[in-house]
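*Asks:* Provided below: protein.txt, containing compact mmCIF, C-alpha atoms.
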```
# COMPACT_ATOMS: atom_id res chain seq x y z
CA MET A 1 3.64 12.24 7.25
CA ALA A 2 5.20 12.09 3.76
CA THR A 3 5.52 15.47 2.01
CA ALA A 4 5.19 15.98 -1.75
CA LYS A 5 9.01 16.01 -1.97
CA ASP A 6 9.25 12.70 -0.07
CA LEU A 7 6.58 11.19 -2.30
CA ARG A 8 8.61 11.94 -5.40
CA THR A 9 11.37 9.69 -4.10
CA LEU A 10 9.05 6.73 -3.53
CA GLY A 11 8.22 3.97 -5.98
CA ASP A 12 4.75 3.58 -7.47
CA ARG A 13 3.83 0.77 -5.09
CA GLU A 14 4.63 2.84 -1.99
CA VAL A 15 2.73 5.84 -3.35
CA VAL A 16 -0.27 3.62 -4.14
CA ALA A 17 -0.15 2.23 -0.57
CA LEU A 18 -0.24 5.79 0.80
CA ALA A 19 -3.11 6.66 -1.52
CA LYS A 20 -5.03 3.61 -0.29
CA ALA A 21 -4.54 4.95 3.25
CA GLY A 22 -6.39 8.09 2.15
CA LYS A 23 -3.48 10.51 1.53
CA GLU A 24 -4.61 13.03 -1.06
CA ALA A 25 -1.00 14.05 -1.79
CA ALA A 26 -0.31 10.48 -2.93
CA TYR A 27 -3.18 10.66 -5.43
CA ARG A 28 -1.79 13.93 -6.77
CA GLU A 29 1.68 12.39 -7.04
CA LEU A 30 0.31 9.52 -9.18
CA LEU A 31 -1.49 12.07 -11.32
CA SER A 32 1.63 14.15 -11.80
CA ARG A 33 3.69 11.05 -12.70
CA TYR A 34 1.31 9.72 -15.30
CA GLU A 35 -0.71 12.64 -16.67
CA ARG A 36 1.73 13.32 -19.54
CA PRO A 37 2.48 9.70 -20.58
CA VAL A 38 -1.18 8.67 -20.39
CA PHE A 39 -2.41 11.77 -22.17
CA SER A 40 0.29 11.50 -24.86
CA LEU A 41 -0.56 7.86 -25.55
CA ILE A 42 -4.28 8.56 -25.81
CA TYR A 43 -3.74 11.74 -27.84
CA ARG A 44 -1.58 9.92 -30.39
CA MET A 45 -4.17 7.15 -30.55
CA VAL A 46 -7.32 9.24 -31.02
CA ARG A 47 -5.73 12.37 -32.61
CA ASP A 48 -8.16 14.77 -30.96
CA ARG A 49 -7.03 16.86 -28.00
CA ALA A 50 -10.44 17.41 -26.40
CA LEU A 51 -11.40 13.77 -26.78
CA ALA A 52 -7.99 12.66 -25.49
CA GLU A 53 -8.39 14.86 -22.45
CA ASP A 54 -11.82 13.38 -21.69
CA LEU A 55 -10.48 9.84 -22.09
CA ALA A 56 -7.41 10.58 -19.96
CA GLN A 57 -9.66 12.02 -17.27
CA GLU A 58 -11.90 8.95 -17.34
CA THR A 59 -8.82 6.72 -17.18
CA PHE A 60 -7.50 8.43 -14.06
CA ILE A 61 -10.90 8.48 -12.39
CA LYS A 62 -11.36 4.78 -13.08
CA VAL A 63 -7.87 3.90 -11.83
CA LEU A 64 -7.79 6.11 -8.76
CA ASN A 65 -11.28 5.13 -7.65
CA ALA A 66 -10.36 1.46 -7.95
CA LEU A 67 -7.01 1.50 -6.15
CA ASP A 68 -8.38 -1.06 -3.68
CA THR A 69 -8.52 -3.58 -6.50
CA TYR A 70 -4.91 -2.90 -7.59
CA ARG A 71 -2.68 -5.95 -7.16
CA PRO A 72 0.87 -4.96 -6.19
CA GLU A 73 2.40 -7.93 -8.02
CA PHE A 74 1.71 -6.03 -11.27
CA LYS A 75 3.33 -2.75 -12.24
CA PHE A 76 1.10 0.25 -11.63
CA SER A 77 2.22 1.74 -14.95
CA SER A 78 1.04 -1.40 -16.79
CA TRP A 79 -2.35 -1.13 -15.15
CA ILE A 80 -2.90 2.53 -15.96
CA PHE A 81 -1.60 2.19 -19.54
CA LYS A 82 -3.85 -0.82 -20.03
CA ILE A 83 -6.93 1.13 -19.00
CA ALA A 84 -5.84 4.14 -21.08
CA ASN A 85 -5.21 1.96 -24.12
CA ASN A 86 -8.55 0.17 -23.75
CA ALA A 87 -10.32 3.53 -23.52
CA ALA A 88 -8.57 4.76 -26.67
CA ILE A 89 -9.22 1.52 -28.60
CA ASP A 90 -12.90 1.53 -27.60
CA GLN A 91 -13.14 5.12 -28.79
CA LEU A 92 -11.45 4.31 -32.10
CA ARG A 93 -13.84 1.44 -32.64
CA LYS A 94 -16.75 3.75 -31.94
CA ARG A 95 -15.67 6.70 -34.00
CA GLU A 96 -13.04 5.49 -36.43
CA VAL A 97 -10.74 8.39 -35.62
CA SER A 98 -7.85 6.61 -37.17
CA THR A 99 -6.21 9.03 -39.55
CA LEU A 100 -3.58 11.42 -38.33
CA SER A 101 -3.90 15.00 -39.38
CA LEU A 102 -1.20 17.50 -38.74
CA ASP A 103 -3.82 19.96 -39.90
CA GLY A 104 -6.10 19.07 -37.00
CA ALA A 105 -8.58 16.41 -35.99
CA PRO A 106 -10.90 15.00 -38.64
CA GLY A 107 -13.86 16.70 -36.99
CA ALA A 108 -12.18 20.13 -36.84
CA ARG A 109 -14.07 22.65 -38.94
CA THR A 110 -13.11 26.12 -37.78
CA ALA A 111 -9.57 27.54 -37.88
CA GLU A 112 -9.48 27.50 -34.06
CA GLU A 113 -10.46 23.82 -33.93
CA VAL A 114 -7.84 22.98 -36.53
CA GLU A 115 -5.15 24.81 -34.56
CA ALA A 116 -6.25 23.33 -31.24
CA THR A 117 -6.22 19.74 -32.52
CA ALA A 118 -3.11 19.89 -34.73
CA LEU A 119 -0.10 17.91 -33.55
CA GLN A 120 3.01 20.02 -32.99
CA ALA A 121 6.42 19.00 -34.32
CA THR A 122 9.42 18.60 -32.06
CA ASP A 123 11.80 21.34 -30.96
CA ARG A 124 14.99 20.20 -29.29
CA GLY A 125 17.25 23.17 -29.76
CA GLU A 126 19.07 21.92 -32.87
CA SER A 127 20.59 24.14 -35.59
CA PRO A 128 18.01 25.83 -37.86
CA LEU A 129 18.60 23.38 -40.72
CA ALA A 130 18.66 20.33 -38.48
CA GLU A 131 15.60 21.65 -36.67
CA LEU A 132 13.80 22.08 -39.99
CA GLU A 133 14.72 18.54 -40.97
CA ALA A 134 13.78 17.18 -37.59
CA ARG A 135 10.47 18.97 -37.70
CA GLU A 136 9.70 17.63 -41.16
CA LEU A 137 10.77 14.11 -40.31
CA GLY A 138 8.96 14.38 -37.00
CA SER A 139 5.84 15.39 -38.81
CA GLU A 140 6.20 12.57 -41.27
CA ILE A 141 6.62 10.17 -38.38
CA GLU A 142 3.55 11.48 -36.62
CA GLN A 143 1.60 11.04 -39.86
CA ALA A 144 3.00 7.56 -40.36
CA ILE A 145 2.15 6.53 -36.77
CA GLY A 146 -1.38 7.70 -37.40
CA LYS A 147 -1.68 5.36 -40.38
CA LEU A 148 -0.71 2.27 -38.37
CA ARG A 149 -3.31 -0.18 -37.10
CA PRO A 150 -4.33 0.76 -33.54
CA GLU A 151 -2.60 -2.33 -32.06
CA TYR A 152 0.64 -1.55 -33.88
CA ARG A 153 0.33 2.08 -32.84
CA THR A 154 -0.04 1.18 -29.15
CA ALA A 155 2.89 -1.21 -29.31
CA ILE A 156 5.26 1.15 -31.10
CA LEU A 157 4.28 4.14 -28.94
CA LEU A 158 4.76 2.22 -25.70
CA ARG A 159 8.06 0.77 -26.87
CA HIS A 160 9.77 3.69 -28.54
CA VAL A 161 8.03 6.79 -27.19
CA GLU A 162 7.32 5.71 -23.60
CA GLY A 163 10.33 3.37 -23.43
CA ARG A 164 8.43 0.44 -21.90
CA ALA A 165 9.81 -3.10 -21.82
CA TYR A 166 8.35 -5.76 -24.12
CA GLU A 167 7.02 -7.66 -21.08
CA GLU A 168 5.17 -4.60 -19.82
CA ILE A 169 3.70 -3.91 -23.26
CA ALA A 170 2.49 -7.53 -23.33
CA GLU A 171 0.79 -6.94 -19.96
CA VAL A 172 -0.75 -3.67 -21.14
CA MET A 173 -2.07 -5.16 -24.37
CA ASP A 174 -2.98 -8.51 -22.84
CA LEU A 175 -1.04 -10.32 -25.54
CA PRO A 176 1.71 -12.96 -25.58
CA LEU A 177 5.25 -11.57 -25.61
CA GLY A 178 5.92 -13.02 -29.08
CA THR A 179 2.88 -11.26 -30.54
CA VAL A 180 4.02 -7.95 -29.10
CA LYS A 181 7.46 -8.37 -30.65
CA THR A 182 5.83 -9.22 -33.97
CA TYR A 183 3.57 -6.16 -33.76
CA ILE A 184 6.52 -3.88 -33.07
CA HIS A 185 8.54 -5.42 -35.88
CA ARG A 186 5.66 -5.05 -38.33
CA ALA A 187 4.95 -1.53 -37.13
CA ARG A 188 8.58 -0.60 -37.85
CA LEU A 189 8.34 -2.16 -41.31
CA GLU A 190 5.13 -0.25 -42.03
CA LEU A 191 6.69 2.97 -40.79
CA ARG A 192 9.59 2.42 -43.18
CA GLU A 193 7.14 1.84 -46.02
CA TYR A 194 5.15 4.96 -45.21
CA LEU A 195 8.37 6.94 -45.05
CA ALA A 196 9.91 5.34 -48.14
CA HIS A 197 9.31 8.47 -50.19
CA LEU A 198 11.94 10.21 -48.08
CA ARG A 199 14.58 7.96 -49.64
CA THR A 200 16.20 8.83 -52.93
CA MET B 1 15.14 18.14 -49.93
CA ARG B 2 18.06 16.69 -48.02
CA ASP B 3 15.82 14.16 -46.27
CA LYS B 4 14.94 12.67 -49.62
CA GLN B 5 18.59 11.92 -50.22
CA LEU B 6 18.94 9.92 -47.07
CA ASP B 7 19.78 6.34 -47.80
CA ALA B 8 17.68 3.53 -46.37
CA GLY B 9 20.01 2.79 -43.45
CA ASP B 10 20.19 6.40 -42.42
CA LEU B 11 16.44 6.69 -42.66
CA ASP B 12 15.85 3.63 -40.45
CA MET B 13 18.25 4.94 -37.85
CA ARG B 14 16.74 8.38 -37.96
CA VAL B 15 13.18 7.07 -37.76
CA LEU B 16 14.01 5.17 -34.59
CA ARG B 17 15.82 8.18 -33.15
CA GLU B 18 12.93 10.50 -33.95
CA LEU B 19 10.45 8.02 -32.51
CA THR B 20 12.23 7.98 -29.15
CA ALA B 21 12.53 11.77 -29.22
CA LEU B 22 8.88 12.53 -29.97
CA ARG B 23 7.59 15.14 -27.55
CA SER B 24 5.16 14.27 -24.82
CA PHE B 25 1.90 16.16 -24.66
CA ALA B 26 0.35 17.64 -21.55
CA PRO B 27 -3.36 17.98 -20.84
CA SER B 28 -4.75 21.46 -20.26
CA ARG B 29 -4.17 23.34 -17.01
CA GLY B 30 -6.29 22.25 -14.08
CA PHE B 31 -6.43 18.64 -15.28
CA PRO B 32 -5.34 17.19 -11.88
CA ASP B 33 -7.95 19.30 -10.06
CA ARG B 34 -10.70 18.15 -12.41
CA VAL B 35 -9.71 14.54 -11.80
CA MET B 36 -9.38 14.98 -8.03
CA ALA B 37 -12.86 16.52 -7.90
CA ARG B 38 -14.24 13.16 -9.00
CA ILE B 39 -12.11 10.92 -6.79
CA ARG B 40 -13.59 9.30 -3.68
CA LEU B 41 -10.83 9.40 -1.08
CA PRO B 42 -10.87 6.39 1.28
CA GLN B 43 -12.63 7.12 4.59
CA PRO B 44 -11.77 5.70 8.04
CA ALA B 45 -13.48 2.34 8.66
CA ALA B 46 -15.76 3.74 11.39
CA VAL B 47 -17.09 6.46 9.08
CA VAL B 48 -17.65 3.96 6.28
CA LEU B 49 -19.48 1.62 8.67
CA PHE B 50 -21.64 4.45 10.01
CA ARG B 51 -22.53 5.63 6.50
CA ARG B 52 -23.34 2.10 5.35
CA ALA B 53 -25.50 1.52 8.42
CA GLY B 54 -27.22 4.84 7.81
CA ALA B 55 -27.82 4.03 4.15
CA TRP B 56 -29.12 0.57 5.10
CA VAL B 57 -31.49 1.96 7.71
CA MET B 58 -32.71 4.77 5.47
CA GLN B 59 -34.12 2.42 2.85
CA PRO B 60 -37.91 2.93 3.06
CA ARG B 61 -39.01 -0.61 3.93
CA ARG B 62 -36.29 -1.10 6.53
CA ALA B 63 -36.93 2.32 8.05
CA VAL B 64 -40.65 1.50 8.43
CA ALA B 65 -39.86 -1.92 9.91
CA LEU B 66 -37.38 -0.45 12.40
CA ALA B 67 -39.76 2.34 13.43
CA THR B 68 -42.56 -0.22 13.96
CA ALA B 69 -40.27 -2.45 16.03
CA TYR B 70 -39.18 0.53 18.12
CA ALA B 71 -42.79 1.63 18.76
CA ALA B 72 -43.78 -1.93 19.65
CA SER B 73 -40.89 -2.24 22.12
CA VAL B 74 -41.91 1.02 23.80
CA VAL B 75 -45.54 -0.13 24.14
CA ILE B 76 -44.46 -3.50 25.54
CA ALA B 77 -42.05 -1.86 28.00
CA VAL B 78 -44.70 0.55 29.25
CA ARG B 79 -47.26 -2.25 29.47
CA LEU B 80 -44.87 -4.22 31.71
CA ALA B 81 -43.36 -1.29 33.62
CA VAL B 82 -46.53 0.49 34.73
CA PRO B 83 -48.04 -2.42 36.71
CA TRP B 84 -44.65 -3.16 38.27
CA LEU B 85 -44.21 0.48 39.36
CA GLU B 86 -47.74 0.50 40.87
CA ALA B 87 -47.04 -2.67 42.81
CA HIS B 88 -43.77 -1.34 44.26
CA ALA B 89 -44.69 2.32 44.75
CA GLY B 90 -44.07 2.33 48.53
CA ALA B 91 -40.61 0.80 48.35
CA LEU B 92 -39.65 3.11 45.45
CA LYS B 93 -40.69 6.21 47.41
CA LEU B 94 -38.56 5.15 50.35
CA GLY B 95 -35.59 4.49 48.08
CA VAL B 96 -35.89 7.88 46.31
CA ALA B 97 -36.15 9.67 49.70
CA TRP B 98 -33.02 7.90 50.99
CA ILE B 99 -31.01 8.84 47.87
CA GLY B 100 -32.18 12.48 48.20
CA THR B 101 -31.07 12.63 51.82
CA GLN B 102 -27.66 11.21 50.97
CA LEU B 103 -27.10 13.65 48.09
CA SER B 104 -28.19 16.62 50.18
CA GLY B 105 -25.82 15.56 52.97
CA TRP B 106 -22.87 15.32 50.56
CA PHE B 107 -23.69 18.72 49.07
CA ASP B 108 -23.83 20.35 52.51
CA THR B 109 -20.46 18.86 53.48
CA VAL B 110 -18.77 20.08 50.27
CA ALA B 111 -20.27 23.57 50.50
CA MET B 112 -19.25 23.99 54.15
CA GLY B 113 -15.70 22.80 53.35
CA ALA B 114 -15.40 25.31 50.49
CA ALA B 115 -16.69 28.20 52.62
CA ASP B 116 -14.27 27.27 55.39
CA TRP B 117 -11.36 27.24 52.89
CA VAL B 118 -12.31 30.66 51.48
CA VAL B 119 -12.35 32.22 54.96
CA ARG B 120 -9.18 30.53 56.22
CA SER B 121 -7.02 31.01 53.09
CA GLY B 122 -7.64 34.78 52.97
CA ALA B 123 -9.17 34.58 49.48
CA ALA B 124 -12.27 36.41 50.72
CA GLU B 125 -10.11 39.24 52.05
CA ALA B 126 -8.18 39.47 48.77
CA VAL B 127 -11.41 39.71 46.72
CA ARG B 128 -12.80 42.36 49.08
CA ALA B 129 -9.55 44.41 48.79
CA ALA B 130 -9.53 44.12 44.97
CA ALA B 131 -13.16 45.24 44.77
CA SER B 132 -12.47 48.30 46.89
CA SER B 133 -9.41 49.25 44.74
CA GLY B 134 -11.50 49.31 41.51
CA VAL B 135 -9.47 46.63 39.66
CA VAL B 136 -12.20 43.98 39.42
CA LEU B 137 -14.50 45.75 36.97
CA PRO B 138 -11.83 46.54 34.32
CA ALA B 139 -10.44 43.00 34.71
CA LEU B 140 -13.91 41.48 34.19
CA ALA B 141 -14.50 43.74 31.18
CA ALA B 142 -11.15 42.78 29.63
CA LEU B 143 -11.88 39.11 30.27
CA THR B 144 -15.32 39.38 28.62
CA ILE B 145 -13.95 41.19 25.55
CA GLY B 146 -11.07 38.70 25.28
CA TYR B 147 -13.49 35.81 25.48
CA ALA B 148 -15.73 37.30 22.76
CA VAL B 149 -12.76 38.01 20.45
CA GLY B 150 -11.36 34.52 21.05
CA GLY B 151 -14.76 32.98 20.36
CA TYR B 152 -15.13 34.86 17.06
CA GLY B 153 -11.57 33.89 16.12
CA PHE B 154 -12.35 30.21 16.62
CA TYR B 155 -15.57 30.58 14.64
CA ALA B 156 -13.71 32.22 11.74
CA LEU B 157 -10.99 29.56 11.80
CA LEU B 158 -13.21 26.52 12.07
CA ARG B 159 -16.25 27.43 9.99
CA THR B 160 -16.90 25.52 6.76
CA PRO B 161 -15.78 27.55 3.71
CA GLY B 162 -18.72 28.76 1.68
CA ARG B 163 -19.20 29.49 -2.01
CA ASN B 164 -18.12 33.12 -1.60
CA ASP B 165 -14.79 32.03 -0.07
CA ALA B 166 -14.07 29.82 -3.09
CA LEU B 167 -14.93 32.65 -5.48
CA ALA B 168 -12.76 35.09 -3.55
CA ARG B 169 -9.79 32.67 -3.71
CA SER B 170 -10.21 32.04 -7.41
```
Spell out the structure here as C-alpha cells.
*Replies:*
Amino acid sequence: MATAKDLRTLGDREVVALAKAGKEAAYRELLSRYERPVFSLIYRMVRDRALAEDLAQETFIKVLNALDTYRPEFKFSSWIFKIANNAAIDQLRKREVSTLSLDGAPGARTAEEVEATALQATDRGESPLAELEARELGSEIEQAIGKLRPEYRTAILLRHVEGRAYEEIAEVMDLPLGTVKTYIHRARLELREYLAHLRT
Amino acid sequence: MRDKQLDAGDLDMRVLRELTALRSFAPSRGFPDRVMARIRLPQPAAVVLFRRAGAWVMQPRRAVALATAYAASVVIAVRLAVPWLEAHAGALKLGVAWIGTQLSGWFDTVAMGAADWVVRSGAAEAVRAAASSGVVLPALAALTIGYAVGGYGFYALLRTPGRNDALARS
C-alpha cells in the first residue's frame, strides 16, 4: 500500500489511478498538489477570497467526483485548470468582478472585509529598498493583471505565474495554439501600457 | 521614485521577472477536509451492485410488484404442495422415521466413543483431582472475567464513533 511519502514521488497519472481504486490518500495528494495553484488562479481571476475559495472547492469536488471520466491521454493539470478557469469565467460573467483592488474586493464594505480580500504584495527576502520597489512593482502588476480581459488574464497567469507550456494553456482554454500565443503577446503589451507610467 | 526612472527595457524585463515571482495564495485552513467531506470515494463493485439493486427494488412501484409476485408464488407453492403432501403422507412418515433412527444411532456412537476416551485417557481423573484441590473455581472465575474484559475491549475498539467522539477529538 502506497504511503503519503510514496505518493509524493508518483506522477499525476499514477496518483489518479490509485484514487480511482478508492485510496483516500491519493485524493488528498491531488488536493495538496493543486490546492494552491488552483486557488491562486481563481483568486487572481475573481479578486475575492471567499468567492475564490467557494469556486476552488467546487472545482475540486467536480474533478474528484468525476475521476472515472478522466482520460489519461490528457494532463491532469490541464483538466483541473480548465474546470477552475471555466468556473472563474462563469463567475466573472455573472458578477462582473473584473477590477482588481489592492484595497479589497469590490463588494468589501467593512474594514475587516477590505483586509480579508486585499491582495498581498510579494516578500522574497530582498534588501529593504529592493523589497519596497518589488512590493510597489508587484502591486502595480497585480493591479495591471486585474485590468486585463479575463482570457488574457488566464493566459498570462498560466504562462508566467504557473509556468505552464503554451500547449497546455491551449488545452485549458480550449483554443488553438496560435490564439493562445497571441493572447499572451497582447496581454504583455497591455501590461506594459498599464505600467507605462512607471517609465520616465 | 526610482521605479519611475526605469527605462522601457528594464521595465519589460522586470515586469516579466515579477510576474514569474508573484506569490501563490493558499485557501484557508481545513480546505482539504471540506472538499473530502463532499467526495464520494469509489466503492467495491459488489457493494455498488448491492446498493443499486437495493435502490432499484425500493422504488415504490417495483417494490409493490415484487411483493405481489412473492405472495403469488407462495400461494401457488402451497396450493401445489399441500395436495402432494397429503397424497404421500405414509411414505414421508416412513422416511422421516428412518432418518431419525440413523441420526440417533450416529449420536449414540459418538457419545459412547467420547465417554470411553475420557475414562481411558485419565482426563476424568485429572478433573476430579483439580476439583478437590480448589483450583477449578478460581480458574473459572479468572476465565469469566478475562472473557468479559476482552469482550468489552473488542466492543470499544470496533464500535462506530459517535458525535461525542468527534467533538472530543476536535
*Asks:* Return the single residue from A:Thr69, A:Thr9, A:Ser78, A:Ser139 that is closest to chain B, with distances computed using only C-alpha atoms.
*Replies:*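 The shortest atom-to-atom distance to chain B comes from A:Ser139.
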*Asks:* Provide an axis-aligned box for all listed atoms of stretch 83-86 of chain B, padding each side by 8 Å; report its centre and its edge lengths in Å to one decimal, as JSON.
*Replies:*
```
{"center_x": -46.1, "center_y": -1.3, "center_z": 38.8, "size_x": 19.8, "size_y": 19.7, "size_z": 20.2}
```
*Asks:* Mind checking which residues fall within 10 Å of A:Thr59, counting all atoms listed in the file, ignoring those fewer than 3 positions away in the same chain, and posting them as a PyMOL selection string?
*Replies:* (chain A and resi 38-39+42+53-56+62-65+80-88) or (chain B and resi 35)
*Asks:* Dump as a ChimeraX atom specification the residues of chain B that approach chain A to within 12 Å, counting all atoms listed in the file.
*Replies:* /B:1-45
*Asks:* Go ahead and compute the interatomic distance for atom CA of A:Arg186 and atom CA of A:Arg149, in Å to one decimal.
*Replies:*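 According to the coordinates, atom CA of A:Arg186 and atom CA of A:Arg149 are separated by 10.3 Å.
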*Asks:* Do you have the atom CA of A:Val46-atom CA of A:Gln91 distance handy?
*Replies:* 7.5 Å
*Asks:* Please, what distance in Å, to one decimal, runs between atom CA of B:Leu140 and atom CA of B:Val127?
*Replies:*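 Atom-to-atom, atom CA of B:Leu140 and atom CA of B:Val127 are spaced 12.9 Å apart.
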